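J.: Please find query03.cif (mmCIF, N, CA and C atoms) on the next line:
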```cif
data_upload
loop_
_atom_site.label_atom_id
_atom_site.label_comp_id
_atom_site.auth_asym_id
_atom_site.auth_seq_id
_atom_site.Cartn_x
_atom_site.Cartn_y
_atom_site.Cartn_z
N MET C 1 155.91 -156.35 4.25
CA MET C 1 155.50 -155.50 5.36
C MET C 1 156.28 -155.86 6.61
N ARG C 2 156.42 -157.15 6.84
CA ARG C 2 157.15 -157.59 8.02
C ARG C 2 158.61 -157.18 7.93
N ASP C 3 159.18 -157.23 6.72
CA ASP C 3 160.57 -156.84 6.53
C ASP C 3 160.79 -155.38 6.90
N GLN C 4 159.86 -154.53 6.52
CA GLN C 4 159.99 -153.11 6.85
C GLN C 4 159.90 -152.89 8.35
N ALA C 5 159.00 -153.57 9.01
CA ALA C 5 158.87 -153.44 10.47
C ALA C 5 160.15 -153.89 11.16
N SER C 6 160.74 -154.97 10.67
CA SER C 6 161.98 -155.47 11.25
C SER C 6 163.11 -154.47 11.04
N ALA C 7 163.17 -153.89 9.86
CA ALA C 7 164.21 -152.90 9.57
C ALA C 7 164.03 -151.65 10.44
N ASP C 8 162.80 -151.22 10.60
CA ASP C 8 162.52 -150.05 11.44
C ASP C 8 162.90 -150.34 12.89
N LEU C 9 162.60 -151.53 13.36
CA LEU C 9 162.94 -151.90 14.73
C LEU C 9 164.45 -151.88 14.94
N LEU C 10 165.20 -152.36 13.97
CA LEU C 10 166.66 -152.34 14.08
C LEU C 10 167.18 -150.91 14.18
N ILE C 11 166.59 -150.02 13.41
CA ILE C 11 166.99 -148.61 13.46
C ILE C 11 166.70 -148.02 14.84
N VAL C 12 165.52 -148.30 15.36
CA VAL C 12 165.15 -147.78 16.68
C VAL C 12 166.09 -148.34 17.75
N ARG C 13 166.36 -149.62 17.70
CA ARG C 13 167.27 -150.22 18.69
C ARG C 13 168.68 -149.62 18.60
N ASP C 14 169.16 -149.42 17.36
CA ASP C 14 170.47 -148.83 17.17
C ASP C 14 170.52 -147.42 17.75
N ARG C 15 169.51 -146.65 17.50
CA ARG C 15 169.45 -145.29 18.03
C ARG C 15 169.44 -145.29 19.56
N MET C 16 168.70 -146.23 20.14
CA MET C 16 168.64 -146.31 21.60
C MET C 16 170.00 -146.72 22.17
N GLU C 17 170.69 -147.61 21.48
CA GLU C 17 172.03 -147.99 21.92
C GLU C 17 173.00 -146.81 21.86
N GLN C 18 172.70 -145.85 21.00
CA GLN C 18 173.52 -144.65 20.89
C GLN C 18 173.09 -143.58 21.89
N GLY C 19 172.12 -143.89 22.73
CA GLY C 19 171.74 -143.00 23.81
C GLY C 19 170.43 -142.27 23.66
N GLN C 20 169.73 -142.47 22.55
CA GLN C 20 168.43 -141.81 22.39
C GLN C 20 167.38 -142.51 23.25
N THR C 21 166.39 -141.73 23.67
CA THR C 21 165.25 -142.33 24.36
C THR C 21 164.39 -143.05 23.32
N LEU C 22 163.47 -143.87 23.79
CA LEU C 22 162.55 -144.55 22.87
C LEU C 22 161.77 -143.54 22.04
N ASP C 23 161.29 -142.48 22.68
CA ASP C 23 160.53 -141.46 21.96
C ASP C 23 161.37 -140.81 20.86
N GLU C 24 162.62 -140.50 21.16
CA GLU C 24 163.51 -139.90 20.17
C GLU C 24 163.81 -140.88 19.04
N ALA C 25 164.11 -142.11 19.41
CA ALA C 25 164.50 -143.13 18.43
C ALA C 25 163.37 -143.49 17.49
N ALA C 26 162.15 -143.44 17.97
CA ALA C 26 161.00 -143.85 17.16
C ALA C 26 160.29 -142.69 16.47
N ALA C 27 160.70 -141.47 16.75
CA ALA C 27 159.98 -140.29 16.26
C ALA C 27 159.77 -140.29 14.74
N ASP C 28 160.79 -140.69 13.98
CA ASP C 28 160.65 -140.69 12.52
C ASP C 28 159.57 -141.64 12.01
N PHE C 29 159.26 -142.64 12.79
CA PHE C 29 158.30 -143.66 12.38
C PHE C 29 156.88 -143.35 12.85
N LEU C 30 156.71 -142.25 13.56
CA LEU C 30 155.41 -141.92 14.15
C LEU C 30 154.80 -140.66 13.53
N THR C 31 155.22 -140.34 12.33
CA THR C 31 154.69 -139.14 11.67
C THR C 31 153.53 -139.51 10.75
N ASP C 32 152.75 -138.51 10.41
CA ASP C 32 151.66 -138.71 9.46
C ASP C 32 152.20 -139.12 8.09
N ASP C 33 153.31 -138.52 7.68
CA ASP C 33 153.90 -138.85 6.39
C ASP C 33 154.36 -140.31 6.35
N TYR C 34 154.97 -140.78 7.42
CA TYR C 34 155.43 -142.17 7.46
C TYR C 34 154.24 -143.12 7.42
N PHE C 35 153.19 -142.78 8.17
CA PHE C 35 151.99 -143.60 8.16
C PHE C 35 151.37 -143.64 6.77
N GLU C 36 151.29 -142.48 6.12
CA GLU C 36 150.69 -142.42 4.79
C GLU C 36 151.46 -143.27 3.79
N ALA C 37 152.79 -143.23 3.86
CA ALA C 37 153.62 -144.06 2.97
C ALA C 37 153.38 -145.54 3.26
N TRP C 38 153.31 -145.90 4.55
CA TRP C 38 153.05 -147.29 4.92
C TRP C 38 151.67 -147.72 4.41
N TYR C 39 150.68 -146.86 4.59
CA TYR C 39 149.31 -147.17 4.18
C TYR C 39 149.24 -147.38 2.67
N GLN C 40 149.84 -146.48 1.90
CA GLN C 40 149.79 -146.60 0.45
C GLN C 40 150.51 -147.87 -0.01
N ASN C 41 151.62 -148.20 0.60
CA ASN C 41 152.34 -149.42 0.26
C ASN C 41 151.50 -150.66 0.59
N THR C 42 150.87 -150.65 1.74
CA THR C 42 150.02 -151.77 2.15
C THR C 42 148.83 -151.91 1.20
N LEU C 43 148.21 -150.81 0.87
CA LEU C 43 147.07 -150.81 -0.05
C LEU C 43 147.47 -151.37 -1.41
N SER C 44 148.61 -150.94 -1.90
CA SER C 44 149.10 -151.42 -3.19
C SER C 44 149.38 -152.92 -3.15
N THR C 45 150.01 -153.37 -2.09
CA THR C 45 150.32 -154.81 -1.95
C THR C 45 149.04 -155.63 -1.90
N LEU C 46 148.08 -155.19 -1.12
CA LEU C 46 146.82 -155.92 -1.01
C LEU C 46 146.04 -155.89 -2.31
N SER C 47 146.06 -154.78 -3.01
CA SER C 47 145.37 -154.69 -4.30
C SER C 47 145.98 -155.66 -5.31
N THR C 48 147.30 -155.76 -5.30
CA THR C 48 147.98 -156.70 -6.19
C THR C 48 147.57 -158.14 -5.86
N LEU C 49 147.49 -158.47 -4.59
CA LEU C 49 147.09 -159.81 -4.18
C LEU C 49 145.65 -160.10 -4.60
N VAL C 50 144.76 -159.15 -4.43
CA VAL C 50 143.36 -159.34 -4.81
C VAL C 50 143.24 -159.48 -6.32
N ASP C 51 143.96 -158.65 -7.07
CA ASP C 51 143.92 -158.74 -8.52
C ASP C 51 144.44 -160.10 -8.99
N HIS C 52 145.50 -160.57 -8.40
CA HIS C 52 146.06 -161.89 -8.76
C HIS C 52 145.04 -163.00 -8.47
N GLU C 53 144.42 -162.91 -7.29
CA GLU C 53 143.44 -163.92 -6.90
C GLU C 53 142.23 -163.90 -7.84
N THR C 54 141.80 -162.71 -8.22
CA THR C 54 140.66 -162.57 -9.12
C THR C 54 140.98 -163.15 -10.49
N LEU C 55 142.17 -162.91 -10.97
CA LEU C 55 142.56 -163.36 -12.31
C LEU C 55 142.83 -164.87 -12.36
N THR C 56 143.41 -165.40 -11.29
CA THR C 56 143.82 -166.81 -11.32
C THR C 56 142.88 -167.74 -10.58
N GLY C 57 142.03 -167.18 -9.74
CA GLY C 57 141.15 -168.01 -8.94
C GLY C 57 141.87 -168.67 -7.76
N GLU C 58 143.08 -168.26 -7.51
CA GLU C 58 143.86 -168.82 -6.39
C GLU C 58 143.71 -167.99 -5.16
#
```
As structure tokens - that is how I would like this structure written.

T.:
Amino acid sequence: MRDQASADLLIVRDRMEQGQTLDEAAADFLTDDYFEAWYQNTLSTLSTLVDHETLTGE
């Protein structure tokens, strides 16, 4: 999750260096579709961690 946030930040910074405003540079990351993809990925990751913990007791 942190890796994706770092990658997204680099994209936003690059776009701003190319002259876009913050709103323009970040627009792709502020959509409902982007949030839904992030949410589903987070849910999947957390489910995997819980399943592992349940199975191994760790």

J.: Kindly list the centre and edge lengths in Å, rounded to one decimal, for the axis-aligned box that covers all listed atoms of range 41-46 of chain C plus 6 Å on each of its six sides, as lines of an AutoDock Vina configuration file.

T.:
```
center_x = 149.2
center_y = -152.1
center_z = -0.5
size_x = 18.3
size_y = 19.7
size_z = 17.3
```

J.: Between CA of His52 in chain C and CA of Tyr39 in chain C, what is the distance in Å, rounded to a tenth?

T.: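 Interatomic distance here is 19.9 Å.
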
J.: How many Å separate CA of Asp14 in chain C from CA of Ala26 in chain C?

T.: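 One can read the CA of Asp14 in chain C to CA of Ala26 in chain C distance as 10.7 Å.
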
J.: How many Å separate atom C of Leu43 in chain C from atom C of Ala25 in chain C?

T.: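 Pair atom C of Leu43 in chain C / atom C of Ala25 in chain C returns 25.9 Å.
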
J.: From chain C, collect each residue whose DSSP state is alpha helix (DSSP H) and return the set as a compact mmCIF listing (two decimals) with N, CA and C atoms, in the frame of the given file.

T.:
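Writing the result to out_38.txt gives the following:
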```txt
# COMPACT_ATOMS: atom_id res chain seq x y z
N ARG C 2 156.42 -157.15 6.84
CA ARG C 2 157.15 -157.59 8.02
C ARG C 2 158.61 -157.18 7.93
N ASP C 3 159.18 -157.23 6.72
CA ASP C 3 160.57 -156.84 6.53
C ASP C 3 160.79 -155.38 6.90
N GLN C 4 159.86 -154.53 6.52
CA GLN C 4 159.99 -153.11 6.85
C GLN C 4 159.90 -152.89 8.35
N ALA C 5 159.00 -153.57 9.01
CA ALA C 5 158.87 -153.44 10.47
C ALA C 5 160.15 -153.89 11.16
N SER C 6 160.74 -154.97 10.67
CA SER C 6 161.98 -155.47 11.25
C SER C 6 163.11 -154.47 11.04
N ALA C 7 163.17 -153.89 9.86
CA ALA C 7 164.21 -152.90 9.57
C ALA C 7 164.03 -151.65 10.44
N ASP C 8 162.80 -151.22 10.60
CA ASP C 8 162.52 -150.05 11.44
C ASP C 8 162.90 -150.34 12.89
N LEU C 9 162.60 -151.53 13.36
CA LEU C 9 162.94 -151.90 14.73
C LEU C 9 164.45 -151.88 14.94
N LEU C 10 165.20 -152.36 13.97
CA LEU C 10 166.66 -152.34 14.08
C LEU C 10 167.18 -150.91 14.18
N ILE C 11 166.59 -150.02 13.41
CA ILE C 11 166.99 -148.61 13.46
C ILE C 11 166.70 -148.02 14.84
N VAL C 12 165.52 -148.30 15.36
CA VAL C 12 165.15 -147.78 16.68
C VAL C 12 166.09 -148.34 17.75
N ARG C 13 166.36 -149.62 17.70
CA ARG C 13 167.27 -150.22 18.69
C ARG C 13 168.68 -149.62 18.60
N ASP C 14 169.16 -149.42 17.36
CA ASP C 14 170.47 -148.83 17.17
C ASP C 14 170.52 -147.42 17.75
N ARG C 15 169.51 -146.65 17.50
CA ARG C 15 169.45 -145.29 18.03
C ARG C 15 169.44 -145.29 19.56
N MET C 16 168.70 -146.23 20.14
CA MET C 16 168.64 -146.31 21.60
C MET C 16 170.00 -146.72 22.17
N GLU C 17 170.69 -147.61 21.48
CA GLU C 17 172.03 -147.99 21.92
C GLU C 17 173.00 -146.81 21.86
N LEU C 22 163.47 -143.87 23.79
CA LEU C 22 162.55 -144.55 22.87
C LEU C 22 161.77 -143.54 22.04
N ASP C 23 161.29 -142.48 22.68
CA ASP C 23 160.53 -141.46 21.96
C ASP C 23 161.37 -140.81 20.86
N GLU C 24 162.62 -140.50 21.16
CA GLU C 24 163.51 -139.90 20.17
C GLU C 24 163.81 -140.88 19.04
N ALA C 25 164.11 -142.11 19.41
CA ALA C 25 164.50 -143.13 18.43
C ALA C 25 163.37 -143.49 17.49
N ALA C 26 162.15 -143.44 17.97
CA ALA C 26 161.00 -143.85 17.16
C ALA C 26 160.29 -142.69 16.47
N ASP C 32 152.75 -138.51 10.41
CA ASP C 32 151.66 -138.71 9.46
C ASP C 32 152.20 -139.12 8.09
N ASP C 33 153.31 -138.52 7.68
CA ASP C 33 153.90 -138.85 6.39
C ASP C 33 154.36 -140.31 6.35
N TYR C 34 154.97 -140.78 7.42
CA TYR C 34 155.43 -142.17 7.46
C TYR C 34 154.24 -143.12 7.42
N PHE C 35 153.19 -142.78 8.17
CA PHE C 35 151.99 -143.60 8.16
C PHE C 35 151.37 -143.64 6.77
N GLU C 36 151.29 -142.48 6.12
CA GLU C 36 150.69 -142.42 4.79
C GLU C 36 151.46 -143.27 3.79
N ALA C 37 152.79 -143.23 3.86
CA ALA C 37 153.62 -144.06 2.97
C ALA C 37 153.38 -145.54 3.26
N TRP C 38 153.31 -145.90 4.55
CA TRP C 38 153.05 -147.29 4.92
C TRP C 38 151.67 -147.72 4.41
N TYR C 39 150.68 -146.86 4.59
CA TYR C 39 149.31 -147.17 4.18
C TYR C 39 149.24 -147.38 2.67
N GLN C 40 149.84 -146.48 1.90
CA GLN C 40 149.79 -146.60 0.45
C GLN C 40 150.51 -147.87 -0.01
N ASN C 41 151.62 -148.20 0.60
CA ASN C 41 152.34 -149.42 0.26
C ASN C 41 151.50 -150.66 0.59
N THR C 42 150.87 -150.65 1.74
CA THR C 42 150.02 -151.77 2.15
C THR C 42 148.83 -151.91 1.20
N LEU C 43 148.21 -150.81 0.87
CA LEU C 43 147.07 -150.81 -0.05
C LEU C 43 147.47 -151.37 -1.41
N SER C 44 148.61 -150.94 -1.90
CA SER C 44 149.10 -151.42 -3.19
C SER C 44 149.38 -152.92 -3.15
N THR C 45 150.01 -153.37 -2.09
CA THR C 45 150.32 -154.81 -1.95
C THR C 45 149.04 -155.63 -1.90
N LEU C 46 148.08 -155.19 -1.12
CA LEU C 46 146.82 -155.92 -1.01
C LEU C 46 146.04 -155.89 -2.31
N SER C 47 146.06 -154.78 -3.01
CA SER C 47 145.37 -154.69 -4.30
C SER C 47 145.98 -155.66 -5.31
N THR C 48 147.30 -155.76 -5.30
CA THR C 48 147.98 -156.70 -6.19
C THR C 48 147.57 -158.14 -5.86
N LEU C 49 147.49 -158.47 -4.59
CA LEU C 49 147.09 -159.81 -4.18
C LEU C 49 145.65 -160.10 -4.60
N VAL C 50 144.76 -159.15 -4.43
CA VAL C 50 143.36 -159.34 -4.81
C VAL C 50 143.24 -159.48 -6.32
N ASP C 51 143.96 -158.65 -7.07
CA ASP C 51 143.92 -158.74 -8.52
C ASP C 51 144.44 -160.10 -8.99
N HIS C 52 145.50 -160.57 -8.40
CA HIS C 52 146.06 -161.89 -8.76
C HIS C 52 145.04 -163.00 -8.47
N GLU C 53 144.42 -162.91 -7.29
CA GLU C 53 143.44 -163.92 -6.90
C GLU C 53 142.23 -163.90 -7.84
N THR C 54 141.80 -162.71 -8.22
CA THR C 54 140.66 -162.57 -9.12
C THR C 54 140.98 -163.15 -10.49
N LEU C 55 142.17 -162.91 -10.97
CA LEU C 55 142.56 -163.36 -12.31
C LEU C 55 142.83 -164.87 -12.36
N THR C 56 143.41 -165.40 -11.29
CA THR C 56 143.82 -166.81 -11.32
C THR C 56 142.88 -167.74 -10.58
```
